[in-house]
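Participant: Dropping in upload09.txt, with compact mmCIF, C-alpha atoms.
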```
# COMPACT_ATOMS: atom_id res chain seq x y z
CA MET A 23 6.67 2.71 25.49
CA ALA A 24 4.21 0.75 23.44
CA ALA A 25 5.20 -0.80 20.16
CA THR A 26 3.62 0.71 17.07
CA ALA A 27 3.01 -0.43 13.50
CA ALA A 28 5.61 -1.13 10.84
CA SER A 29 7.51 1.68 9.22
CA GLY A 30 9.35 2.10 5.93
CA LEU A 31 12.57 2.85 7.83
CA GLN A 32 11.66 0.30 10.50
CA MET A 33 11.48 2.83 13.33
CA ALA A 34 7.86 2.45 14.21
CA THR A 35 7.13 -0.80 12.50
CA ALA A 36 6.37 -4.81 15.36
CA ARG A 37 3.10 -24.36 8.91
CA PRO A 38 4.62 -23.12 5.67
CA CYS A 39 3.34 -25.93 3.72
CA ILE A 40 5.39 -29.05 4.36
CA SER A 41 6.27 -30.28 0.92
CA SER A 42 4.85 -33.76 0.36
CA SER A 43 3.06 -35.32 -2.56
CA ARG A 44 1.25 -37.62 -0.14
CA ARG A 45 -0.40 -34.86 1.85
CA MET A 46 -3.44 -32.86 0.82
CA VAL A 47 -4.20 -29.66 2.70
CA LYS A 48 -7.82 -29.08 3.63
CA ALA A 49 -9.60 -25.96 2.45
CA GLY A 50 -11.40 -23.29 4.34
CA ALA A 51 -8.76 -20.72 5.24
CA ALA A 52 -9.86 -17.21 4.44
CA ILE A 53 -7.57 -14.83 2.64
CA LEU A 54 -6.51 -11.33 3.48
CA GLY A 55 -5.05 -9.33 0.64
CA ALA A 56 -4.79 -5.72 -0.39
CA ASN A 57 -4.13 -3.23 -3.13
CA SER A 58 -2.87 -4.77 -6.35
CA LYS A 59 -0.40 -2.53 -8.11
CA GLY A 60 2.38 -3.52 -10.48
CA ALA A 61 3.50 -6.56 -12.33
CA SER A 62 4.76 -8.26 -9.18
CA TRP A 63 1.18 -8.79 -8.04
CA ALA A 64 0.18 -10.26 -11.37
CA LYS A 65 3.03 -12.73 -11.18
CA LEU A 66 2.13 -13.68 -7.62
CA ALA A 67 -1.50 -14.13 -8.55
CA SER A 68 -0.71 -16.38 -11.48
CA GLY A 69 1.34 -18.65 -9.25
CA SER A 70 -1.01 -18.77 -6.29
CA HIS A 71 -3.82 -20.81 -7.87
CA ILE A 72 -6.50 -18.97 -5.91
CA SER A 73 -10.15 -19.66 -6.58
CA TYR A 74 -13.01 -17.49 -5.43
CA ILE A 75 -16.69 -17.78 -4.65
CA GLN A 76 -19.73 -15.55 -4.93
CA PRO A 77 -20.26 -12.54 -2.69
CA PHE A 78 -21.26 -13.30 0.87
CA LYS A 79 -21.15 -11.74 4.30
CA ARG A 80 -18.85 -12.77 7.05
CA THR A 81 -18.48 -11.25 10.48
CA LEU A 82 -14.91 -10.77 11.63
CA MET A 83 -14.51 -12.55 14.95
CA SER A 84 -13.00 -9.72 16.97
CA SER A 85 -13.99 -6.57 15.16
CA SER A 86 -17.46 -7.49 13.94
CA VAL A 87 -16.49 -6.21 10.53
CA LYS A 88 -19.04 -7.30 7.93
CA LEU A 89 -17.79 -7.76 4.41
CA ASN A 90 -20.40 -7.42 1.71
CA LYS A 91 -18.18 -7.86 -1.31
CA VAL A 92 -16.50 -10.84 -2.84
CA VAL A 93 -13.96 -12.45 -0.52
CA THR A 94 -11.37 -14.93 -1.56
CA LYS A 95 -11.21 -18.44 -0.17
CA ALA A 96 -7.89 -20.19 0.19
CA MET A 97 -9.04 -23.22 -1.75
CA SER A 98 -12.38 -24.65 -2.77
CA GLU A 99 -13.30 -28.30 -2.42
CA SER A 100 -13.56 -28.61 -6.20
CA ASN A 101 -9.90 -27.89 -6.85
CA GLU A 102 -8.43 -29.31 -3.66
CA SER A 103 -7.09 -32.39 -5.39
CA LYS A 104 -5.83 -30.67 -8.52
CA PRO A 105 -2.04 -30.74 -8.86
CA LEU A 106 -0.24 -27.42 -9.05
CA SER A 107 1.61 -26.54 -12.19
CA GLY A 108 4.90 -24.71 -12.43
CA LEU A 109 6.59 -23.55 -9.24
CA PRO A 110 3.93 -21.58 -7.33
CA ILE A 111 3.93 -20.02 -3.89
CA ASP A 112 1.20 -22.10 -2.33
CA LEU A 113 0.16 -21.36 1.27
CA ARG A 114 -3.33 -22.80 1.06
CA GLY A 115 -4.43 -24.28 4.37
CA LYS A 116 -1.78 -22.33 6.30
CA ARG A 117 -2.42 -19.77 9.02
CA ALA A 118 -0.34 -16.64 9.67
CA PHE A 119 -0.20 -14.26 12.62
CA ILE A 120 1.16 -10.81 11.72
CA ALA A 121 2.07 -8.60 14.68
CA GLY A 122 2.09 -4.89 13.98
CA VAL A 123 -0.70 -4.12 11.51
CA ALA A 124 -2.46 -0.85 12.34
CA ASP A 125 -3.16 0.67 8.91
CA ASP A 126 -3.11 -0.26 5.25
CA ASN A 127 0.11 1.28 4.00
CA GLY A 128 2.94 -0.28 5.97
CA TYR A 129 5.03 -3.37 5.39
CA GLY A 130 2.97 -5.42 7.85
CA TRP A 131 -0.15 -4.94 5.74
CA ALA A 132 1.73 -5.70 2.53
CA ILE A 133 3.10 -8.93 3.98
CA ALA A 134 -0.37 -9.92 5.13
CA LYS A 135 -1.85 -9.43 1.68
CA SER A 136 0.94 -11.35 -0.08
CA LEU A 137 0.53 -14.27 2.30
CA ALA A 138 -3.21 -14.10 1.73
CA ALA A 139 -2.84 -13.97 -2.04
CA ALA A 140 -0.83 -17.18 -1.76
CA GLY A 141 -3.68 -18.79 0.17
CA ALA A 142 -2.91 -18.27 3.87
CA GLU A 143 -5.48 -17.42 6.51
CA ILE A 144 -4.65 -14.13 8.22
CA LEU A 145 -4.72 -13.19 11.89
CA VAL A 146 -3.31 -9.83 12.96
CA GLY A 147 -2.17 -8.24 16.19
CA THR A 148 -2.82 -4.50 16.45
CA TRP A 149 -1.35 -2.10 19.00
CA VAL A 150 -4.03 -1.55 21.63
CA PRO A 151 -4.33 2.27 21.35
CA ALA A 152 -4.73 1.94 17.56
CA LEU A 153 -7.18 -0.95 17.69
CA ASN A 154 -10.41 1.05 17.67
CA ILE A 155 -9.35 3.22 14.73
CA PHE A 156 -8.14 0.20 12.78
CA GLU A 157 -11.31 -1.81 13.32
CA THR A 158 -13.53 1.20 12.62
CA SER A 159 -11.70 1.83 9.35
CA LEU A 160 -12.17 -1.80 8.35
CA ARG A 161 -15.84 -1.73 9.26
CA ARG A 162 -16.53 1.48 7.33
CA GLY A 163 -14.73 0.29 4.24
CA LYS A 164 -11.87 2.80 4.36
CA PHE A 165 -9.40 0.04 3.54
CA ASP A 166 -11.51 -1.58 0.83
CA GLU A 167 -9.45 -0.20 -2.05
CA SER A 168 -6.22 -1.52 -0.59
CA ARG A 169 -7.85 -4.85 0.27
CA VAL A 170 -8.41 -5.73 -3.38
CA LEU A 171 -6.61 -8.87 -4.46
CA PRO A 172 -5.11 -9.45 -7.92
CA ASP A 173 -8.27 -11.21 -9.11
CA GLY A 174 -10.44 -8.26 -8.07
CA SER A 175 -11.96 -9.86 -5.00
CA LEU A 176 -11.63 -8.54 -1.46
CA MET A 177 -9.43 -9.97 1.21
CA GLU A 178 -10.53 -10.87 4.70
CA ILE A 179 -8.89 -10.68 8.10
CA THR A 180 -10.13 -13.65 10.06
CA LYS A 181 -9.50 -12.06 13.45
CA VAL A 182 -7.89 -8.96 14.93
CA TYR A 183 -6.22 -9.30 18.33
CA PRO A 184 -5.25 -6.39 20.59
CA LEU A 185 -1.50 -6.58 21.21
CA ASP A 186 1.20 -4.63 22.99
CA ALA A 187 4.41 -6.57 22.45
CA VAL A 188 6.33 -4.53 25.01
CA PHE A 189 4.72 -6.58 27.76
CA ASP A 190 5.23 -10.33 28.06
CA ASN A 191 2.45 -10.93 30.60
CA LEU A 192 -0.02 -9.05 32.75
CA GLU A 193 2.39 -8.91 35.68
CA ASP A 194 4.77 -6.80 33.56
CA VAL A 195 2.19 -4.07 32.91
CA PRO A 196 2.55 -0.96 35.10
CA GLU A 197 -0.53 0.32 36.89
CA ASP A 198 -0.53 3.57 34.91
CA VAL A 199 -0.78 1.59 31.66
CA LYS A 200 -3.56 -0.60 33.04
CA ALA A 201 -5.45 2.56 34.02
CA ASN A 202 -4.79 4.35 30.72
CA LYS A 203 -8.05 5.08 28.93
CA ARG A 204 -6.50 4.05 25.61
CA TYR A 205 -6.34 0.50 26.97
CA ALA A 206 -9.84 0.58 28.42
CA GLY A 207 -12.18 -2.01 26.97
CA SER A 208 -9.36 -4.28 25.80
CA SER A 209 -8.07 -7.34 27.57
CA LYS A 210 -5.62 -10.19 27.04
CA TRP A 211 -3.25 -8.05 24.99
CA THR A 212 0.17 -9.04 26.38
CA VAL A 213 2.30 -11.40 24.29
CA GLN A 214 1.60 -14.42 26.47
CA GLU A 215 -2.14 -13.73 26.58
CA VAL A 216 -2.40 -13.23 22.81
CA ALA A 217 -0.55 -16.49 22.16
CA GLU A 218 -2.91 -18.28 24.55
CA SER A 219 -5.93 -16.72 22.84
CA VAL A 220 -4.73 -17.77 19.39
CA LYS A 221 -4.14 -21.30 20.66
CA GLN A 222 -7.62 -21.41 22.17
CA ASP A 223 -9.23 -20.03 19.00
CA TYR A 224 -7.30 -21.92 16.33
CA GLY A 225 -4.96 -24.41 17.94
CA SER A 226 -1.92 -23.64 15.81
CA ILE A 227 -0.29 -21.33 13.28
CA ASP A 228 2.26 -21.85 10.53
CA ILE A 229 3.69 -18.37 9.96
CA LEU A 230 4.69 -15.68 12.47
CA VAL A 231 5.51 -12.15 11.31
CA HIS A 232 7.05 -9.45 13.52
CA SER A 233 6.38 -6.05 11.92
CA LEU A 234 6.64 -3.66 14.84
CA ALA A 235 9.14 -1.51 16.69
CA ASN A 236 9.37 1.80 18.47
CA GLY A 237 12.13 4.24 19.33
CA PRO A 238 10.82 7.06 21.53
CA GLU A 239 14.04 9.04 20.99
CA VAL A 240 14.66 8.09 17.37
CA THR A 241 15.33 11.69 16.33
CA LYS A 242 18.13 12.08 18.89
CA PRO A 243 21.77 11.30 18.07
CA LEU A 244 23.09 8.29 19.96
CA LEU A 245 25.27 10.50 22.18
CA GLU A 246 22.14 12.37 23.29
CA THR A 247 19.99 9.27 23.82
CA SER A 248 19.02 8.48 27.39
CA ARG A 249 19.40 5.04 28.94
CA LYS A 250 15.61 4.86 29.20
CA GLY A 251 15.13 5.73 25.54
CA TYR A 252 17.83 3.31 24.39
CA LEU A 253 16.44 0.40 26.39
CA ALA A 254 12.90 1.22 25.24
CA ALA A 255 14.04 0.95 21.61
CA ILE A 256 15.69 -2.41 22.28
CA SER A 257 12.63 -3.68 24.16
CA ALA A 258 10.05 -2.71 21.55
CA SER A 259 12.13 -3.34 18.44
CA SER A 260 14.16 -6.47 19.14
CA TYR A 261 13.28 -8.25 22.38
CA SER A 262 9.62 -8.11 21.36
CA TYR A 263 10.53 -10.53 18.56
CA VAL A 264 12.26 -12.90 20.97
CA SER A 265 9.17 -12.79 23.18
CA LEU A 266 6.76 -13.37 20.30
CA LEU A 267 8.65 -16.39 19.02
CA LYS A 268 9.10 -17.75 22.54
CA HIS A 269 5.36 -17.70 23.22
CA PHE A 270 4.16 -18.66 19.73
CA LEU A 271 6.71 -21.41 19.08
CA PRO A 272 4.63 -24.06 20.90
CA LEU A 273 1.72 -23.15 18.59
CA MET A 274 3.73 -23.40 15.37
CA ASN A 275 3.53 -26.49 13.23
CA PRO A 276 6.90 -28.07 12.38
CA GLY A 277 8.26 -26.66 9.15
CA GLY A 278 6.81 -23.23 9.90
CA SER A 279 8.37 -19.85 9.22
CA SER A 280 9.02 -16.75 11.31
CA ILE A 281 9.89 -13.39 9.71
CA SER A 282 10.85 -9.97 11.03
CA LEU A 283 11.75 -6.61 9.48
CA THR A 284 15.08 -4.87 9.86
CA TYR A 285 16.89 -1.91 8.29
CA ILE A 286 20.37 -1.27 6.93
CA ALA A 287 21.10 1.13 9.81
CA SER A 288 21.97 -2.05 11.70
CA GLU A 289 25.28 -2.19 9.81
CA ARG A 290 25.76 1.22 8.16
CA ILE A 291 25.60 4.73 9.57
CA ILE A 292 22.28 6.45 8.83
CA PRO A 293 22.39 9.93 10.42
CA GLY A 294 18.99 10.81 11.84
CA TYR A 295 18.08 7.21 12.66
CA GLY A 296 18.99 7.48 16.31
CA GLY A 297 17.68 6.87 19.77
CA GLY A 298 19.22 3.39 19.86
CA MET A 299 17.22 2.19 16.85
CA SER A 300 20.33 1.22 14.87
CA SER A 301 21.46 -0.83 17.87
CA ALA A 302 18.01 -2.41 18.13
CA LYS A 303 18.10 -3.48 14.49
CA ALA A 304 21.61 -4.90 14.92
CA ALA A 305 20.34 -6.89 17.91
CA LEU A 306 17.36 -8.09 15.88
CA GLU A 307 19.62 -9.43 13.14
CA SER A 308 21.91 -11.15 15.63
CA ASP A 309 18.90 -12.64 17.39
CA THR A 310 17.61 -13.89 14.03
CA ARG A 311 20.68 -16.09 13.67
CA VAL A 312 20.49 -17.45 17.21
CA LEU A 313 16.73 -18.00 17.02
CA ALA A 314 17.16 -19.78 13.69
CA PHE A 315 19.37 -22.32 15.42
CA GLU A 316 17.25 -22.71 18.55
CA ALA A 317 13.82 -22.74 16.87
CA GLY A 318 15.15 -24.90 14.05
CA ARG A 319 16.49 -27.54 16.39
CA LYS A 320 13.52 -27.36 18.75
CA ASN A 321 10.61 -27.32 16.32
CA ARG A 322 11.96 -27.15 12.76
CA ILE A 323 10.95 -23.49 12.44
CA ARG A 324 12.82 -21.26 9.98
CA VAL A 325 13.71 -17.75 11.16
CA ASN A 326 14.64 -14.95 8.74
CA THR A 327 14.54 -11.18 8.59
CA ILE A 328 13.97 -8.80 5.68
CA SER A 329 16.08 -5.66 5.43
CA ALA A 330 13.65 -3.39 3.62
CA GLY A 331 14.38 -0.11 1.92
CA PRO A 332 12.62 3.17 2.75
CA LEU A 333 8.85 3.33 2.34
CA ARG A 334 6.65 6.42 2.51
CA SER A 335 4.40 5.03 5.24
CA ARG A 336 2.64 6.95 8.00
CA ALA A 337 4.97 5.56 10.62
CA ALA A 338 8.13 6.38 8.65
CA LYS A 339 7.06 10.00 8.32
CA ALA A 340 7.52 10.33 12.08
CA ILE A 341 11.29 10.16 11.51
CA GLY A 342 11.11 13.30 9.42
CA PHE A 343 13.43 12.56 6.49
CA ILE A 344 11.79 9.65 4.73
CA ASP A 345 11.36 11.60 1.47
CA THR A 346 15.08 12.36 1.47
CA MET A 347 15.93 8.70 1.95
CA ILE A 348 13.65 7.66 -0.90
CA GLU A 349 15.25 10.26 -3.19
CA TYR A 350 18.71 9.06 -2.15
CA SER A 351 17.78 5.47 -2.96
CA LEU A 352 16.40 6.45 -6.36
CA ALA A 353 19.64 8.25 -7.19
CA ASN A 354 22.09 5.64 -5.90
CA ALA A 355 20.57 2.13 -5.89
CA PRO A 356 21.36 -0.25 -8.77
CA LEU A 357 17.62 -0.39 -9.52
CA GLN A 358 16.42 3.17 -9.97
CA LYS A 359 12.82 2.87 -8.89
CA GLU A 360 10.82 3.54 -5.77
CA LEU A 361 10.43 0.46 -3.60
CA SER A 362 6.85 -0.73 -3.17
CA ALA A 363 5.46 -2.40 -0.07
CA ASP A 364 4.20 -5.22 -2.29
CA GLU A 365 7.77 -6.17 -3.18
CA VAL A 366 8.59 -6.67 0.50
CA GLY A 367 5.34 -8.58 0.94
CA ASN A 368 6.19 -10.91 -1.93
CA ALA A 369 9.64 -11.58 -0.49
CA ALA A 370 7.99 -12.52 2.79
CA ALA A 371 5.62 -14.88 0.96
CA PHE A 372 8.64 -16.62 -0.56
CA LEU A 373 10.35 -16.96 2.83
CA ALA A 374 7.14 -18.40 4.31
CA SER A 375 6.71 -20.90 1.49
CA PRO A 376 8.15 -24.36 0.81
CA LEU A 377 10.31 -22.74 -1.88
CA ALA A 378 12.47 -21.43 0.99
CA SER A 379 12.47 -24.68 2.95
CA ALA A 380 16.26 -24.63 3.36
CA VAL A 381 16.57 -20.88 4.04
CA THR A 382 16.98 -19.82 7.67
CA GLY A 383 19.06 -17.41 9.73
CA THR A 384 19.38 -14.97 6.83
CA VAL A 385 19.02 -11.24 6.29
CA MET A 386 17.24 -10.81 2.94
CA TYR A 387 17.76 -7.38 1.39
CA VAL A 388 14.74 -5.98 -0.42
CA ASP A 389 15.93 -2.46 -1.16
CA ASN A 390 16.60 -2.26 -4.91
CA GLY A 391 20.21 -3.22 -4.15
CA LEU A 392 21.10 -0.07 -2.19
CA ASN A 393 22.87 -2.19 0.44
CA VAL A 394 25.67 -3.14 -1.97
CA MET A 395 26.70 0.44 -2.74
CA GLY A 396 29.91 1.77 -1.21
CA VAL A 397 29.46 5.39 -2.28
CA GLY A 398 26.68 7.73 -3.28
CA VAL A 399 27.05 8.03 -7.03
CA ASP A 400 25.00 11.23 -7.05
CA SER A 401 27.94 13.00 -5.42
CA PRO A 402 29.44 15.86 -7.50
CA ILE A 403 32.85 14.17 -7.36
CA PHE A 404 31.55 11.53 -9.78
CA LYS A 405 30.12 13.98 -12.29
CA ASP A 406 32.80 13.24 -14.90
CA LEU A 407 32.55 9.44 -14.69
CA ASN A 408 29.57 9.12 -17.01
CA ILE A 409 27.78 6.78 -14.63
CA PRO A 410 24.84 5.09 -16.43
CA THR A 411 21.28 5.75 -15.37
CA ASP A 412 18.13 3.72 -15.86
CA LYS A 413 16.75 4.66 -19.28
CA HIS A 414 13.36 3.26 -18.29
CA GLN A 415 13.09 5.35 -15.13
CA GLY A 416 10.07 7.59 -14.78
```
How does the structure come out when it is put into structure tokens?

Facilitator:
Amino acid sequence: MAATAASGLQMATARPCISSSRRMVKAGAAILGANSKGASWAKLASGSHISYIQPFKRTLMSSSVKLNKVVTKAMSESNESKPLSGLPIDLRGKRAFIAGVADDNGYGWAIAKSLAAAGAEILVGTWVPALNIFETSLRRGKFDESRVLPDGSLMEITKVYPLDAVFDNLEDVPEDVKANKRYAGSSKWTVQEVAESVKQDYGSIDILVHSLANGPEVTKPLLETSRKGYLAAISASSYSYVSLLKHFLPLMNPGGSSISLTYIASERIIPGYGGGMSSAKAALESDTRVLAFEAGRKNRIRVNTISAGPLRSRAAKAIGFIDTMIEYSLANAPLQKELSADEVGNAAAFLASPLASAVTGTVMYVDNGLNVMGVGVDSPIFKDLNIPTDKHQG
């Protein structure tokens, strides 16, 4: 079962800058960003020290997408030597590969735009059957509104790679998949082949993001899940991350950062999130700790995962109760507000930056604090406790 793009419930989801005052990072990395909504974007923008140039056209290397509006450059030659003030998230001159971007409203996209707003060059890996639709939407400007950066300019994806992270190499691909018309016209889309292509095209990366997963039987209770469905969830949702890091690690500059997305069902019971997906997320979190040790010792790469709250994305809607989960979070989380994808993206930008240079092997919760709650305070049994509510909500 092929891995699909990032989801709000993580069912169908996929060289930070080495701090030194003696080293200047060269300019030229193009930025990808997206829709700017909320104060969090304004804060990120003010700390990113991004400059921009006049409108020009640039052809995207894999999708032939031509951008006719202003695009943001990571850093211009004129300000390359200027010292940064305050404590900014500065990823200028860094390159990120985000696996699992197939539309503009999931966490993968939000992470890409936050990294871009901080100055990173963006490469993405898109599930092969979704590649044509994704590239067509980019080319026709359907994502233009959500590609707007905080300063009003448009972001840019430097290159889009076809990717199916379920398969490590071409020998793993069954004949029926090779013959599938949805894969026709695409090549070099296994994990090993994509890593080799990125190395050939760019030589190295600094940031790796895993924003994909798939559970073909996610709507089934665990007791009704087949062995095939369970193993498919593990393969697409957790081992795919091991495989990505294994093949991209030789490309990553020392001091780099690798990030994945998990969900609280890994440690708490979430009825309806079945098919082995809770087990897959638990495995992902365990692997994060082991990979942090191995990748840290081998190449000084930091490995972390973000446990994100529910998001009303296209992929999450496939689970069928995403609206209910969002309502539950609003009623019970310490912060009574709907989680935005940008907030997860900004957390990822922090983890990818030098500000998190000593942070590895962690699960970072970005869920308005819902993970700390032991009971649902919206229960009728608490009606007489006069539990406070957010006066600013709404």

Participant: So the first atom is atom CA of Val182 of chain A and the second is atom CA of Leu361 of chain A; what is the distance between them in Å, to one decimal place?

Facilitator: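 Value for the atom CA of Val182 of chain A-atom CA of Leu361 of chain A distance: 27.7 Å.
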
Participant: Considering only C-alpha atoms, can you say which of A:Gly128, A:Pro293, A:Pro196, A:Gly122 comes closest to Glu365 of chain A?

Facilitator: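 Closest candidate: A:Gly128.
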
Participant: Of the residues A:Asp309, A:Asp400, A:Glu316, A:Asp389, which is the one nearest to Ala353 of chain A, using only C-alpha atoms?

Facilitator: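 Ranked by minimum distance to Ala353 of chain A, first place goes to A:Asp400.
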
Participant: With distances taken over all atoms listed in the file, which of A:Trp149, A:Tyr285, A:Tyr252, A:Phe119 is nearest to Leu266 of chain A?

Facilitator: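 Comparing A:Trp149, A:Tyr285, A:Tyr252, A:Phe119 against Leu266 of chain A, the winner is A:Phe119.
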
Participant: So, with all atoms listed in the file as the atoms that count, which of A:Arg114, A:Arg290, A:Lys250, A:Lys200 lies closest to Thr212 of chain A?

Facilitator: A:Lys200

Participant: Check the smallest atom-to-atom distance from each of A:Arg324, A:His414, A:His232, A:Lys303 to Tyr129 of chain A using all atoms listed in the file, then report the winner.

Facilitator: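 Closest residue, counting all atoms listed in the file: A:His232.
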
Participant: Pick out the closest residue to Glu360 of chain A from this set: A:Ala139, A:Leu377, A:Met395, A:Leu333. Count all atoms listed in the file.

Facilitator: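 Between A:Ala139, A:Leu377, A:Met395, A:Leu333, the residue approaching Glu360 of chain A most closely is A:Leu333.
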
Participant: Mind checking which residues fall within 12 Å of Val199 of chain A, counting all atoms listed in the file, ignoring those fewer than 2 positions away in the same chain, and posting them as a list in words?

Facilitator: Met23, Ala24, Val150, Pro151, Asp186, Val188, Phe189, Leu192, Glu193, Asp194, Val195, Pro196, Glu197, Ala201, Asn202, Lys203, Arg204, Tyr205, Ala206, Ser208, Trp211 and Thr212 of chain A

Participant: Please identify all polymer residues within 12 Å of Ser282 of chain A, counting all atoms listed in the file, omitting same-chain residues fewer than 3 positions from it, and present them as a PyMOL selection string.

Facilitator: chain A and resi 28+32+35-36+119-122+129-130+133+229-235+259-264+266-267+279+285+303+306-307+309-311+313-314+324-330+366-367+369-370+373-374+383-386

Participant: How about saving the chosen residues, C-alpha atoms kept, as a PDB file, in the frame of the given file?

Facilitator:
```pdb
ATOM      1  CA  ALA A  28       5.610  -1.130  10.840  1.00  0.00           C
ATOM      2  CA  GLN A  32      11.660   0.300  10.500  1.00  0.00           C
ATOM      3  CA  THR A  35       7.130  -0.800  12.500  1.00  0.00           C
ATOM      4  CA  ALA A  36       6.370  -4.810  15.360  1.00  0.00           C
ATOM      5  CA  PHE A 119      -0.200 -14.260  12.620  1.00  0.00           C
ATOM      6  CA  ILE A 120       1.160 -10.810  11.720  1.00  0.00           C
ATOM      7  CA  ALA A 121       2.070  -8.600  14.680  1.00  0.00           C
ATOM      8  CA  GLY A 122       2.090  -4.890  13.980  1.00  0.00           C
ATOM      9  CA  TYR A 129       5.030  -3.370   5.390  1.00  0.00           C
ATOM     10  CA  GLY A 130       2.970  -5.420   7.850  1.00  0.00           C
ATOM     11  CA  ILE A 133       3.100  -8.930   3.980  1.00  0.00           C
ATOM     12  CA  ILE A 229       3.690 -18.370   9.960  1.00  0.00           C
ATOM     13  CA  LEU A 230       4.690 -15.680  12.470  1.00  0.00           C
ATOM     14  CA  VAL A 231       5.510 -12.150  11.310  1.00  0.00           C
ATOM     15  CA  HIS A 232       7.050  -9.450  13.520  1.00  0.00           C
ATOM     16  CA  SER A 233       6.380  -6.050  11.920  1.00  0.00           C
ATOM     17  CA  LEU A 234       6.640  -3.660  14.840  1.00  0.00           C
ATOM     18  CA  ALA A 235       9.140  -1.510  16.690  1.00  0.00           C
ATOM     19  CA  SER A 259      12.130  -3.340  18.440  1.00  0.00           C
ATOM     20  CA  SER A 260      14.160  -6.470  19.140  1.00  0.00           C
ATOM     21  CA  TYR A 261      13.280  -8.250  22.380  1.00  0.00           C
ATOM     22  CA  SER A 262       9.620  -8.110  21.360  1.00  0.00           C
ATOM     23  CA  TYR A 263      10.530 -10.530  18.560  1.00  0.00           C
ATOM     24  CA  VAL A 264      12.260 -12.900  20.970  1.00  0.00           C
ATOM     25  CA  LEU A 266       6.760 -13.370  20.300  1.00  0.00           C
ATOM     26  CA  LEU A 267       8.650 -16.390  19.020  1.00  0.00           C
ATOM     27  CA  SER A 279       8.370 -19.850   9.220  1.00  0.00           C
ATOM     28  CA  TYR A 285      16.890  -1.910   8.290  1.00  0.00           C
ATOM     29  CA  LYS A 303      18.100  -3.480  14.490  1.00  0.00           C
ATOM     30  CA  LEU A 306      17.360  -8.090  15.880  1.00  0.00           C
ATOM     31  CA  GLU A 307      19.620  -9.430  13.140  1.00  0.00           C
ATOM     32  CA  ASP A 309      18.900 -12.640  17.390  1.00  0.00           C
ATOM     33  CA  THR A 310      17.610 -13.890  14.030  1.00  0.00           C
ATOM     34  CA  ARG A 311      20.680 -16.090  13.670  1.00  0.00           C
ATOM     35  CA  LEU A 313      16.730 -18.000  17.020  1.00  0.00           C
ATOM     36  CA  ALA A 314      17.160 -19.780  13.690  1.00  0.00           C
ATOM     37  CA  ARG A 324      12.820 -21.260   9.980  1.00  0.00           C
ATOM     38  CA  VAL A 325      13.710 -17.750  11.160  1.00  0.00           C
ATOM     39  CA  ASN A 326      14.640 -14.950   8.740  1.00  0.00           C
ATOM     40  CA  THR A 327      14.540 -11.180   8.590  1.00  0.00           C
ATOM     41  CA  ILE A 328      13.970  -8.800   5.680  1.00  0.00           C
ATOM     42  CA  SER A 329      16.080  -5.660   5.430  1.00  0.00           C
ATOM     43  CA  ALA A 330      13.650  -3.390   3.620  1.00  0.00           C
ATOM     44  CA  VAL A 366       8.590  -6.670   0.500  1.00  0.00           C
ATOM     45  CA  GLY A 367       5.340  -8.580   0.940  1.00  0.00           C
ATOM     46  CA  ALA A 369       9.640 -11.580  -0.490  1.00  0.00           C
ATOM     47  CA  ALA A 370       7.990 -12.520   2.790  1.00  0.00           C
ATOM     48  CA  LEU A 373      10.350 -16.960   2.830  1.00  0.00           C
ATOM     49  CA  ALA A 374       7.140 -18.400   4.310  1.00  0.00           C
ATOM     50  CA  GLY A 383      19.060 -17.410   9.730  1.00  0.00           C
ATOM     51  CA  THR A 384      19.380 -14.970   6.830  1.00  0.00           C
ATOM     52  CA  VAL A 385      19.020 -11.240   6.290  1.00  0.00           C
ATOM     53  CA  MET A 386      17.240 -10.810   2.940  1.00  0.00           C
TER      54      MET A 386
END
```
